[in-house]
file protein_36.csv (CSV, C-alpha atoms (C1' of nucleotides))
chain,number,residue,atom,x,y,z
P,1,MET,CA,0.0,0.0,0.0
P,2,GLU,CA,2.9,2.3,0.8
P,3,ASN,CA,4.0,1.6,-2.7
P,4,LEU,CA,0.7,2.7,-4.2
P,5,LYS,CA,0.8,5.9,-2.3
P,6,ALA,CA,4.2,6.7,-3.6
P,7,ILE,CA,3.0,6.0,-7.2
P,8,ALA,CA,0.1,8.4,-6.8
P,9,ALA,CA,2.3,11.1,-5.3
P,10,ASP,CA,4.7,10.7,-8.2
P,11,LEU,CA,1.9,10.9,-10.7
P,12,LEU,CA,0.6,14.1,-9.2
P,13,GLN,CA,4.1,15.6,-9.1
P,14,TRP,CA,4.7,14.7,-12.7
P,15,TYR,CA,1.3,16.3,-13.6
P,16,THR,CA,2.1,19.6,-11.9
P,17,ILE,CA,5.2,19.8,-14.1
P,18,ASN,CA,4.0,18.4,-17.4
P,19,LYS,CA,0.3,19.2,-17.7
P,20,ARG,CA,-0.9,21.0,-20.8
P,21,THR,CA,-2.9,24.1,-20.7
P,22,LEU,CA,-6.3,23.2,-21.9
P,23,PRO,CA,-9.6,25.2,-21.9
P,24,TRP,CA,-11.5,22.6,-19.8
P,25,ARG,CA,-8.9,22.9,-17.1
P,26,GLU,CA,-9.7,26.6,-16.5
P,27,ASN,CA,-12.6,25.8,-14.2
P,28,ASN,CA,-14.3,22.7,-12.7
P,29,ALA,CA,-17.9,23.6,-13.3
P,30,PRO,CA,-19.8,20.3,-14.0
P,31,TYR,CA,-21.4,21.5,-17.2
P,32,SER,CA,-18.1,22.3,-19.0
P,33,VAL,CA,-16.4,19.2,-17.4
P,34,TRP,CA,-19.2,17.0,-18.7
P,35,LEU,CA,-19.1,18.6,-22.1
P,36,SER,CA,-15.4,18.0,-22.4
P,37,GLU,CA,-15.6,14.4,-21.2
P,38,ILE,CA,-18.3,13.5,-23.7
P,39,ILE,CA,-16.5,15.2,-26.6
P,40,LEU,CA,-13.2,13.5,-25.7
P,41,GLN,CA,-14.6,10.0,-25.5
P,42,GLN,CA,-12.7,7.9,-28.0
P,43,THR,CA,-11.5,11.2,-29.5
P,44,ARG,CA,-8.2,13.0,-29.6
P,45,ILE,CA,-7.8,16.4,-28.0
P,46,ASN,CA,-6.8,18.0,-31.3
P,47,GLN,CA,-9.9,16.6,-32.9
P,48,GLY,CA,-12.3,17.7,-30.2
P,49,LEU,CA,-10.8,21.0,-29.1
P,50,SER,CA,-12.6,23.3,-31.6
P,51,TYR,CA,-15.9,21.5,-31.0
P,52,TYR,CA,-15.6,22.1,-27.3
P,53,LEU,CA,-15.0,25.8,-27.8
P,54,ARG,CA,-17.9,26.2,-30.3
P,55,PHE,CA,-20.3,24.3,-28.1
P,56,LEU,CA,-19.4,26.4,-25.1
P,57,GLU,CA,-19.7,29.6,-27.1
P,58,LYS,CA,-23.1,28.7,-28.6
P,59,TYR,CA,-24.4,27.0,-25.4
P,60,PRO,CA,-22.7,28.7,-22.5
P,61,THR,CA,-25.0,27.0,-19.9
P,62,ILE,CA,-26.7,23.7,-19.7
P,63,THR,CA,-30.0,25.5,-20.0
P,64,HIS,CA,-28.9,26.9,-23.4
P,65,PHE,CA,-27.9,23.4,-24.4
P,66,ALA,CA,-31.2,21.9,-23.3
P,67,ASN,CA,-33.3,24.5,-25.1
P,68,ALA,CA,-31.6,23.8,-28.4
P,69,SER,CA,-33.2,21.5,-31.0
P,70,GLU,CA,-31.6,18.1,-31.6
P,71,ASP,CA,-31.0,19.1,-35.2
P,72,ASP,CA,-29.0,22.1,-34.1
P,73,ILE,CA,-27.0,20.0,-31.6
P,74,LEU,CA,-26.3,17.4,-34.3
P,75,LYS,CA,-25.3,20.1,-36.8
P,76,LEU,CA,-22.7,21.5,-34.4
P,77,TRP,CA,-21.5,17.9,-33.7
P,78,GLN,CA,-21.2,17.1,-37.4
P,79,GLY,CA,-17.9,15.5,-38.2
P,80,LEU,CA,-17.1,14.4,-34.7
P,81,GLY,CA,-18.5,10.9,-35.0
P,82,TYR,CA,-20.3,8.7,-32.4
P,83,TYR,CA,-23.4,10.9,-32.8
P,84,SER,CA,-25.3,9.1,-30.0
P,85,ARG,CA,-23.0,11.1,-27.7
P,86,ALA,CA,-24.8,14.3,-28.9
P,87,ARG,CA,-28.2,12.8,-28.7
P,88,ASN,CA,-27.7,11.4,-25.2
P,89,MET,CA,-26.2,14.6,-24.0
P,90,HIS,CA,-29.1,16.6,-25.3
P,91,HIS,CA,-31.5,14.2,-23.5
P,92,THR,CA,-29.6,14.4,-20.3
P,93,ALA,CA,-29.3,18.2,-20.4
P,94,GLN,CA,-33.1,18.4,-20.6
P,95,ASN,CA,-33.4,15.9,-17.8
P,96,ILE,CA,-31.1,18.0,-15.5
P,97,VAL,CA,-32.7,21.3,-16.4
P,98,ASN,CA,-36.3,20.0,-15.9
P,99,GLN,CA,-35.9,17.4,-13.2
P,100,HIS,CA,-32.9,18.6,-11.2
P,101,HIS,CA,-33.3,22.4,-11.2
P,102,GLU,CA,-30.4,22.8,-13.6
P,103,ASN,CA,-28.0,21.2,-11.1
P,104,PHE,CA,-25.9,18.1,-11.4
P,105,PRO,CA,-26.4,15.7,-8.5
P,106,LYS,CA,-23.2,15.6,-6.5
P,107,ASN,CA,-22.7,11.9,-6.2
P,108,TYR,CA,-21.4,9.1,-8.4
P,109,SER,CA,-24.4,6.8,-8.5
P,110,GLU,CA,-26.8,9.6,-9.5
P,111,LEU,CA,-24.5,10.7,-12.2
P,112,LEU,CA,-24.2,7.2,-13.5
P,113,LYS,CA,-28.0,7.1,-14.1
P,114,PHE,CA,-27.9,9.7,-16.9
P,115,LYS,CA,-28.0,8.7,-20.5
P,116,GLY,CA,-24.5,8.8,-22.0
P,117,VAL,CA,-22.8,8.9,-18.7
P,118,GLY,CA,-21.0,5.6,-17.9
P,119,GLU,CA,-18.5,4.7,-15.2
P,120,TYR,CA,-15.7,6.7,-16.8
P,121,THR,CA,-17.7,10.0,-17.2
P,122,ALA,CA,-19.4,9.7,-13.8
P,123,ALA,CA,-16.0,9.3,-12.1
P,124,ALA,CA,-14.6,12.2,-14.1
P,125,ILE,CA,-17.4,14.6,-13.1
P,126,ALA,CA,-17.5,13.3,-9.5
P,127,SER,CA,-13.8,13.8,-9.0
P,128,ILE,CA,-13.0,16.9,-11.0
P,129,SER,CA,-16.2,18.9,-10.2
P,130,PHE,CA,-17.1,17.6,-6.7
P,131,ASN,CA,-13.7,16.3,-5.3
P,132,LEU,CA,-15.1,12.8,-4.8
P,133,PRO,CA,-12.7,9.8,-4.8
P,134,HIS,CA,-13.8,7.8,-7.8
P,135,ALA,CA,-11.1,6.6,-10.1
P,136,VAL,CA,-11.5,6.9,-13.9
P,137,VAL,CA,-10.5,4.0,-16.0
P,138,ASP,CA,-9.9,4.9,-19.6
P,139,GLY,CA,-7.5,3.7,-22.3
P,140,ASN,CA,-4.7,5.6,-20.7
P,141,VAL,CA,-5.3,4.1,-17.3
P,142,TYR,CA,-5.4,0.5,-18.7
P,143,ARG,CA,-2.1,1.1,-20.4
P,144,VAL,CA,-0.3,2.8,-17.5
P,145,LEU,CA,-1.4,0.3,-14.9
P,146,SER,CA,-1.0,-2.8,-17.0
P,147,ARG,CA,2.6,-1.8,-17.7
P,148,LEU,CA,3.5,-0.6,-14.3
P,149,PHE,CA,2.4,-3.9,-12.7
P,150,ALA,CA,2.7,-6.2,-15.7
P,151,ILE,CA,-0.9,-7.2,-15.5
P,152,SER,CA,-1.7,-9.5,-18.4
P,153,THR,CA,-5.5,-9.8,-17.8
P,154,PRO,CA,-7.0,-8.7,-21.1
P,155,ILE,CA,-8.5,-5.2,-20.7
P,156,ASP,CA,-11.5,-5.9,-23.0
P,157,THR,CA,-13.0,-8.6,-20.8
P,158,THR,CA,-15.4,-8.3,-17.8
P,159,GLU,CA,-12.6,-9.6,-15.5
P,160,GLY,CA,-10.1,-7.1,-16.9
P,161,LYS,CA,-12.5,-4.1,-16.4
P,162,LYS,CA,-13.1,-5.2,-12.8
P,163,THR,CA,-9.4,-5.8,-12.0
P,164,PHE,CA,-8.3,-2.4,-13.3
P,165,LYS,CA,-11.1,-0.5,-11.7
P,166,GLU,CA,-10.3,-2.0,-8.3
P,167,LEU,CA,-6.6,-1.2,-8.7
P,168,ALA,CA,-7.3,2.3,-9.9
P,169,ASN,CA,-9.5,2.9,-6.9
P,170,GLN,CA,-6.8,1.7,-4.6
P,171,LEU,CA,-4.3,4.0,-6.2
P,172,ILE,CA,-6.4,7.2,-6.3
P,173,ASP,CA,-5.3,10.1,-4.1
P,174,LYS,CA,-8.3,10.8,-2.0
P,175,ASP,CA,-7.3,14.4,-1.2
P,176,TYR,CA,-6.9,15.3,-4.9
P,177,PRO,CA,-9.0,12.9,-6.8
P,178,GLY,CA,-9.6,15.2,-9.8
P,179,ASP,CA,-6.0,16.1,-10.2
P,180,TYR,CA,-5.0,12.4,-9.7
P,181,ASN,CA,-7.4,11.2,-12.4
P,182,GLN,CA,-6.2,13.8,-14.9
P,183,ALA,CA,-2.6,13.1,-13.9
P,184,ILE,CA,-2.7,9.4,-14.8
P,185,MET,CA,-4.5,10.2,-18.1
P,186,GLU,CA,-2.1,12.9,-19.0
P,187,PHE,CA,0.8,10.7,-18.1
P,188,GLY,CA,-0.6,8.0,-20.4
P,189,ALA,CA,-1.2,10.5,-23.2
P,190,LEU,CA,2.3,12.2,-23.0
P,191,GLN,CA,4.8,9.8,-21.4
P,192,CYS,CA,3.4,6.2,-21.3
P,193,THR,CA,2.2,6.3,-24.9
P,194,PRO,CA,0.9,3.3,-26.9
P,195,ARG,CA,3.9,3.3,-29.2
P,196,ASN,CA,7.4,4.4,-28.4
P,197,PRO,CA,6.8,5.4,-24.8
P,198,ASP,CA,9.5,7.6,-23.2
P,199,CYS,CA,10.7,5.0,-20.7
P,200,ASP,CA,14.2,6.6,-20.3
P,201,SER,CA,12.9,9.7,-18.7
P,202,CYS,CA,9.9,8.0,-16.9
P,203,PRO,CA,9.7,8.6,-13.2
P,204,PHE,CA,8.7,4.9,-12.8
P,205,ARG,CA,11.6,3.5,-14.9
P,206,ASN,CA,13.0,1.7,-11.9
P,207,ARG,CA,9.6,0.4,-10.7
P,208,CYS,CA,7.7,-0.5,-13.9
P,209,VAL,CA,7.6,-4.2,-14.1
P,210,ALA,CA,7.0,-4.2,-17.8
P,211,ARG,CA,10.1,-2.0,-18.3
P,212,GLN,CA,12.2,-4.2,-16.0
P,213,THR,CA,11.3,-7.3,-18.0
P,214,ASN,CA,11.6,-5.5,-21.4
P,215,LEU,CA,8.0,-6.2,-22.2
P,216,VAL,CA,6.5,-2.7,-22.4
P,217,ASP,CA,5.2,-3.2,-25.9
P,218,GLN,CA,3.3,-6.3,-24.8
P,219,PHE,CA,0.9,-4.3,-22.6
P,220,PRO,CA,-2.0,-3.8,-22.4
P,221,VAL,CA,-3.2,-7.3,-23.4
P,222,LYS,CA,-6.4,-7.5,-25.5
P,223,VAL,CA,-8.3,-10.6,-26.6
P,224,GLY,CA,-9.2,-9.6,-30.1
P,225,LYS,CA,-10.9,-7.4,-32.6
P,226,GLN,CA,-14.2,-7.8,-34.2
P,227,LYS,CA,-14.7,-8.5,-37.8
P,228,ILE,CA,-15.3,-5.7,-40.2
P,229,LYS,CA,-18.7,-5.6,-42.0
P,230,HIS,CA,-18.8,-4.3,-45.6
P,231,ARG,CA,-21.8,-2.3,-46.8
P,232,TYR,CA,-22.5,-0.7,-50.2
P,233,PHE,CA,-24.4,2.6,-50.4
P,234,ASN,CA,-25.7,3.8,-53.8
P,235,TYR,CA,-26.6,7.4,-53.1
P,236,LEU,CA,-29.2,9.0,-55.4
P,237,LEU,CA,-28.2,12.5,-56.1
P,238,ILE,CA,-31.4,13.8,-57.6
P,239,ASP,CA,-31.3,16.9,-59.7
P,240,ALA,CA,-34.8,18.3,-59.9
P,241,GLY,CA,-34.1,21.8,-61.0
P,242,GLN,CA,-33.4,23.9,-57.9
P,243,LYS,CA,-34.4,21.1,-55.7
P,244,THR,CA,-33.0,17.8,-54.5
P,245,PHE,CA,-34.1,15.2,-51.9
P,246,LEU,CA,-32.8,14.1,-48.6
P,247,ASN,CA,-33.5,11.2,-46.3
P,248,LYS,CA,-33.3,11.2,-42.5
P,249,ARG,CA,-31.7,8.1,-41.0
P,250,THR,CA,-34.0,7.3,-38.1
P,251,LYS,CA,-33.4,3.6,-37.6
P,252,SER,CA,-31.0,2.1,-35.1
P,253,ASP,CA,-28.0,2.1,-37.4
P,254,ILE,CA,-25.0,4.2,-38.1
P,255,TRP,CA,-25.5,8.0,-38.4
P,256,LYS,CA,-28.8,7.9,-36.6
P,257,ASN,CA,-30.8,11.2,-37.0
P,258,LEU,CA,-28.4,12.5,-39.5
P,259,TYR,CA,-29.4,13.4,-43.1
P,260,GLU,CA,-28.2,11.9,-46.4
P,261,PHE,CA,-29.1,11.5,-50.0
P,262,PRO,CA,-31.7,8.8,-50.6
P,263,VAL,CA,-29.8,5.5,-50.7
P,264,ILE,CA,-30.1,2.1,-52.2
P,265,GLU,CA,-28.1,-0.3,-50.1
P,266,THR,CA,-26.7,-3.5,-51.7
P,267,ASP,CA,-24.5,-6.3,-50.3
P,268,HIS,CA,-21.9,-5.9,-53.1
P,269,LYS,CA,-20.8,-3.4,-55.7
P,270,ALA,CA,-23.9,-3.8,-57.7
P,271,GLU,CA,-24.2,-3.0,-61.4
P,272,VAL,CA,-26.6,-0.2,-62.2
P,273,THR,CA,-29.1,-2.7,-63.7
P,274,GLU,CA,-29.3,-4.4,-60.4
P,275,LEU,CA,-30.6,-1.1,-58.8
P,276,GLU,CA,-33.7,-1.1,-61.0
P,277,GLU,CA,-36.0,-2.4,-58.3
P,278,GLY,CA,-34.6,0.0,-55.7
P,279,LEU,CA,-35.0,2.9,-58.1
P,280,LEU,CA,-38.6,1.9,-58.8
P,281,LYS,CA,-39.3,2.1,-55.1
P,282,PHE,CA,-38.4,5.8,-55.1
P,283,PHE,CA,-39.6,6.9,-58.5
P,284,SER,CA,-42.4,4.4,-59.4
P,285,ASN,CA,-43.9,5.9,-62.5
P,286,LEU,CA,-42.0,9.2,-62.5
P,287,ASP,CA,-39.7,9.9,-65.5
P,288,PHE,CA,-36.0,10.1,-64.7
P,289,GLU,CA,-32.7,9.5,-66.3
P,290,ILE,CA,-29.3,8.5,-64.9
P,291,ASN,CA,-26.9,11.3,-65.7
P,292,GLY,CA,-23.7,9.9,-64.4
P,293,ILE,CA,-22.1,7.6,-61.8
P,294,SER,CA,-19.2,8.4,-59.5
P,295,PRO,CA,-16.5,5.9,-58.8
P,296,TRP,CA,-16.8,4.0,-55.5
P,297,HIS,CA,-15.4,5.6,-52.4
P,298,LYS,CA,-14.8,4.2,-48.9
P,299,GLN,CA,-15.6,5.5,-45.5
P,300,VAL,CA,-14.0,3.5,-42.7
P,301,LEU,CA,-16.0,3.3,-39.4
P,302,SER,CA,-14.9,1.5,-36.3
P,303,HIS,CA,-16.7,-1.7,-37.2
P,304,GLN,CA,-17.9,-1.2,-40.8
P,305,HIS,CA,-16.5,-0.2,-44.1
P,306,ILE,CA,-19.0,1.8,-46.1
P,307,HIS,CA,-18.4,1.7,-49.8
P,308,TYR,CA,-20.4,4.4,-51.4
P,309,ARG,CA,-21.0,6.2,-54.7
P,310,PHE,CA,-23.3,8.7,-56.2
P,311,ILE,CA,-25.8,8.0,-58.9
P,312,HIS,CA,-26.6,11.4,-60.6
P,313,ILE,CA,-30.3,11.4,-61.6
P,314,ARG,CA,-32.1,14.1,-63.5
P,315,THR,CA,-35.8,14.4,-63.2
P,316,CYS,CA,-38.5,17.0,-63.8
P,317,TYR,CA,-39.7,18.5,-60.6
P,318,LYS,CA,-43.4,17.8,-59.8
P,319,LYS,CA,-45.3,18.8,-56.8
P,320,ASN,CA,-45.8,16.1,-54.2
P,321,MET,CA,-43.2,13.8,-55.8
P,322,LEU,CA,-41.1,11.5,-53.6
P,323,SER,CA,-43.2,12.4,-50.6
P,324,SER,CA,-41.4,9.9,-48.4
P,325,LEU,CA,-38.3,12.1,-48.7
P,326,ILE,CA,-37.4,15.6,-47.6
P,327,LYS,CA,-37.5,18.1,-50.4
P,328,VAL,CA,-34.9,20.8,-50.1
P,329,ASN,CA,-33.5,23.6,-52.1
P,330,LYS,CA,-29.9,22.7,-53.0
P,331,LYS,CA,-28.6,25.8,-51.4
P,332,ASP,CA,-30.2,25.0,-48.1
P,333,ILE,CA,-28.6,21.6,-47.8
P,334,PHE,CA,-25.8,22.9,-45.6
P,335,ASN,CA,-28.3,23.5,-42.8
P,336,PHE,CA,-28.6,19.7,-42.3
P,337,ALA,CA,-26.3,17.6,-40.2
P,338,VAL,CA,-24.7,15.0,-42.5
P,339,PRO,CA,-22.2,12.2,-42.2
P,340,LYS,CA,-18.7,12.5,-43.7
P,341,PRO,CA,-19.4,11.0,-47.1
P,342,ILE,CA,-22.2,13.5,-47.8
P,343,GLU,CA,-20.2,16.4,-46.4
P,344,ARG,CA,-17.3,15.6,-48.7
P,345,GLU,CA,-19.6,15.2,-51.7
P,346,LEU,CA,-21.2,18.5,-51.0
P,347,GLU,CA,-17.8,20.2,-50.9
P,348,ARG,CA,-17.0,18.6,-54.2
P,349,LEU,CA,-20.3,19.6,-55.8
P,350,ASN,CA,-19.7,23.1,-54.7
P,351,TRP,CA,-23.4,23.8,-54.2
U,1,DA,C1',-21.5,-10.9,-23.6
U,2,DA,C1',-20.6,-9.4,-27.8
U,3,DA,C1',-22.0,-6.0,-31.2
U,4,DC,C1',-22.8,-1.7,-32.3
U,5,DC,C1',-21.6,3.3,-32.8
U,6,DG,C1',-17.3,7.8,-36.4
U,7,DT,C1',-13.5,10.0,-37.5
U,8,DG,C1',-8.7,11.2,-38.0
U,9,DG,C1',-3.7,10.7,-37.1
U,10,DC,C1',0.2,7.9,-36.7
U,11,DG,C1',4.1,4.6,-37.7
N,1,DT,C1',-0.7,1.0,-46.9
N,2,DC,C1',-3.3,-0.3,-43.1
N,3,DG,C1',-4.1,-1.7,-38.5
N,4,DC,C1',-4.1,0.6,-34.2
N,5,DC,C1',-6.3,3.4,-31.0
N,6,DA,C1',-8.1,7.8,-29.0
N,7,DA,C1',-10.4,11.3,-21.6
N,8,DG,C1',-16.5,5.1,-23.7
N,9,DG,C1',-21.5,4.0,-23.7
N,10,DT,C1',-25.5,1.4,-25.0
N,11,DT,C1',-28.0,-2.6,-26.3

call {"tool": "encode", "arguments": {"input": "protein_36.csv", "output": "structure tokens"}}
result
Amino acid sequence: MENLKAIAADLLQWYTINKRTLPWRENNAPYSVWLSEIILQQTRINQGLSYYLRFLEKYPTITHFANASEDDILKLWQGLGYYSRARNMHHTAQNIVNQHHENFPKNYSELLKFKGVGEYTAAAIASISFNLPHAVVDGNVYRVLSRLFAISTPIDTTEGKKTFKELANQLIDKDYPGDYNQAIMEFGALQCTPRNPDCDSCPFRNRCVARQTNLVDQFPVKVGKQKIKHRYFNYLLIDAGQKTFLNKRTKSDIWKNLYEFPVIETDHKAEVTELEEGLLKFFSNLDFEINGISPWHKQVLSHQHIHYRFIHIRTCYKKNMLSSLIKVNKKDIFNFAVPKPIERELERLNW
DNA sequence: AAACCGTGGCG
DNA sequence: TCGCCAAGGTT
């Protein structure tokens, strides 16, 4: 135990010297801490930083956030990925404003009940905003602790999660839980990095078991990765004069509640003739002609590869046509939150 | 419990 | 190039 206290103290000391100046470290108010934690989930600081600043500027309080529409939240979130984070945050903001008098509950178990707030985020808010001794366990913590103690329990198993959470909660400095949590994460991000960690200047170079046994690159241990699913999206870029058509993805699937061009999904790179049935579903007896077809592109998601292309279709605009879709003026299309493939195509089209 | 859910940078 | 993985959470 004395050993653990020394490690926590060394982490805190390392942090005071090496911590970066970041906007969410300027104050510990729960709303801004929460916002930063959600944005930074599975996301690098450089990628999330500008989003954090824009959200805080547009929605300076949780009440501003809660009063926004979901479409507006998603539009500001566009490009960040994992869009359920935005939807869940919005839901929780409204919950806190309406059911909790705009105040976050000041304990871990209540925080954990909110949508989009898991063990990590609950511990982060509890420790940073309310000085409560709950240890965060994120990718950095897994890496640092697995190396320091040469723990070979796979981190992506139930047993692994339990093991590392218990160890992290033994290690936490109960006087400075927020700083301690940020210290171990910052240490993992800057010193004990996934590849080429800086072991030579590491304050634990004489205590790290992985280092002593020359096995640093063997930790953390993981059991395996899931298989990648391939999908094929034939987007219909409909040219109806000034207008085109969009579809809102409402099902439980990727990009939920974002907008896109109407799509015919196939299970392979289909020939155009194979799309006839799909086209008929949209156009039935309307006249249209295929004006051109883009090459295939690929969007890599964490667990799927989306192969997509654009079928350019020209048709005469008729009132009430394609009523299952959203009719929009081409120039208004930038008001909609769209996934990356659509965003890139809109830039290319230069509408 | 295992799948699902984005995007970008890095070596 | 391509697999890894980044302040995870939900179903």

call {"tool": "residues_near_point", "arguments": {"input": "protein_36.csv", "point": "(-20.1, -0.1, -30.6)", "cutoff": "8 Å", "atoms": "only C-alpha atoms (C1' of nucleotides)", "output": "ChimeraX atom specification"}}
result
/P:302-303 /U:3-5 /N:10

call {"tool": "residues_near_point", "arguments": {"input": "protein_36.csv", "point": "(-24.0, 5.7, -39.2)", "cutoff": "10 Å", "atoms": "all atoms listed in the file", "output": "number ranges by chain"}}
result
P: 81-84, 249, 251-258, 301, 304, 306, 338-340; U: 5-6

call {"tool": "residues_around", "arguments": {"input": "protein_36.csv", "residues": "DA7 in chain N", "least_positions_apart": "5", "cutoff": "8 Å", "atoms": "all atoms listed in the file", "output": "ChimeraX atom specification"}}
result
/P:37,40-43,138,185

call {"tool": "interface_residues", "arguments": {"input": "protein_36.csv", "of": "chain N", "to": "chain P", "cutoff": "10 Å", "atoms": "only C-alpha atoms (C1' of nucleotides)", "output": "list in words"}}
result
DC4, DC5, DA6, DA7, DG8, DG9 and DT10 of chain N

call {"tool": "atom_distance", "arguments": {"input": "protein_36.csv", "atom1": "CA of Gln13 in chain P", "atom2": "CA of Ala29 in chain P"}}
result
23.8 Å

call {"tool": "build_atoms", "arguments": {"input": "protein_36.csv", "residues": "range 305-312 of chain P", "atoms": "all heavy atoms", "output": "compact mmCIF listing (two decimals), in the coordinates of the input"}}
result
# COMPACT_ATOMS: atom_id res chain seq x y z
N HIS P 305 -17.08 -0.95 -42.99
CA HIS P 305 -16.50 -0.20 -44.10
C HIS P 305 -17.70 0.14 -45.04
O HIS P 305 -18.33 -0.77 -45.56
CB HIS P 305 -15.44 -0.93 -44.84
CG HIS P 305 -14.17 -1.03 -44.06
ND1 HIS P 305 -13.02 -1.58 -44.57
CD2 HIS P 305 -13.86 -0.62 -42.80
CE1 HIS P 305 -12.06 -1.52 -43.66
NE2 HIS P 305 -12.54 -0.96 -42.58
N ILE P 306 -17.95 1.42 -45.22
CA ILE P 306 -19.00 1.80 -46.10
C ILE P 306 -18.46 2.17 -47.47
O ILE P 306 -17.70 3.13 -47.60
CB ILE P 306 -19.78 3.06 -45.51
CG1 ILE P 306 -20.19 2.81 -44.07
CG2 ILE P 306 -20.97 3.40 -46.39
CD1 ILE P 306 -21.14 1.66 -43.86
N HIS P 307 -18.81 1.38 -48.46
CA HIS P 307 -18.40 1.70 -49.80
C HIS P 307 -19.61 2.45 -50.44
O HIS P 307 -20.73 1.98 -50.38
CB HIS P 307 -18.18 0.39 -50.62
CG HIS P 307 -17.18 -0.51 -49.95
ND1 HIS P 307 -15.85 -0.55 -50.33
CD2 HIS P 307 -17.30 -1.36 -48.91
CE1 HIS P 307 -15.21 -1.41 -49.55
NE2 HIS P 307 -16.06 -1.92 -48.69
N TYR P 308 -19.31 3.61 -50.98
CA TYR P 308 -20.40 4.40 -51.40
C TYR P 308 -20.09 5.12 -52.75
O TYR P 308 -18.92 5.35 -53.08
CB TYR P 308 -20.79 5.48 -50.37
CG TYR P 308 -19.72 6.50 -50.09
CD1 TYR P 308 -19.73 7.75 -50.72
CD2 TYR P 308 -18.69 6.23 -49.19
CE1 TYR P 308 -18.75 8.70 -50.47
CE2 TYR P 308 -17.71 7.16 -48.94
CZ TYR P 308 -17.74 8.38 -49.57
OH TYR P 308 -16.75 9.32 -49.32
N ARG P 309 -21.13 5.40 -53.49
CA ARG P 309 -21.00 6.20 -54.70
C ARG P 309 -22.24 6.97 -54.94
O ARG P 309 -23.23 6.81 -54.22
CB ARG P 309 -20.74 5.22 -55.91
CG ARG P 309 -21.92 4.31 -56.19
CD ARG P 309 -21.66 3.49 -57.42
NE ARG P 309 -22.74 2.54 -57.64
CZ ARG P 309 -22.77 1.69 -58.65
NH1 ARG P 309 -21.81 1.68 -59.54
NH2 ARG P 309 -23.79 0.85 -58.78
N PHE P 310 -22.19 7.82 -55.93
CA PHE P 310 -23.30 8.70 -56.20
C PHE P 310 -23.85 8.50 -57.59
O PHE P 310 -23.11 8.59 -58.57
CB PHE P 310 -22.88 10.18 -56.00
CG PHE P 310 -22.46 10.48 -54.60
CD1 PHE P 310 -21.11 10.37 -54.23
CD2 PHE P 310 -23.39 10.80 -53.62
CE1 PHE P 310 -20.72 10.61 -52.93
CE2 PHE P 310 -23.00 11.04 -52.32
CZ PHE P 310 -21.67 10.93 -51.97
N ILE P 311 -25.14 8.17 -57.66
CA ILE P 311 -25.80 8.00 -58.90
C ILE P 311 -26.52 9.36 -59.22
O ILE P 311 -27.44 9.75 -58.49
CB ILE P 311 -26.91 6.91 -58.86
CG1 ILE P 311 -26.38 5.68 -58.14
CG2 ILE P 311 -27.45 6.60 -60.24
CD1 ILE P 311 -25.55 4.76 -58.94
N HIS P 312 -26.05 10.05 -60.21
CA HIS P 312 -26.60 11.40 -60.60
C HIS P 312 -27.90 11.12 -61.40
O HIS P 312 -27.84 10.46 -62.44
CB HIS P 312 -25.64 12.21 -61.33
CG HIS P 312 -24.48 12.64 -60.49
ND1 HIS P 312 -24.32 13.92 -60.03
CD2 HIS P 312 -23.42 11.93 -60.02
CE1 HIS P 312 -23.20 13.99 -59.31
NE2 HIS P 312 -22.65 12.79 -59.30
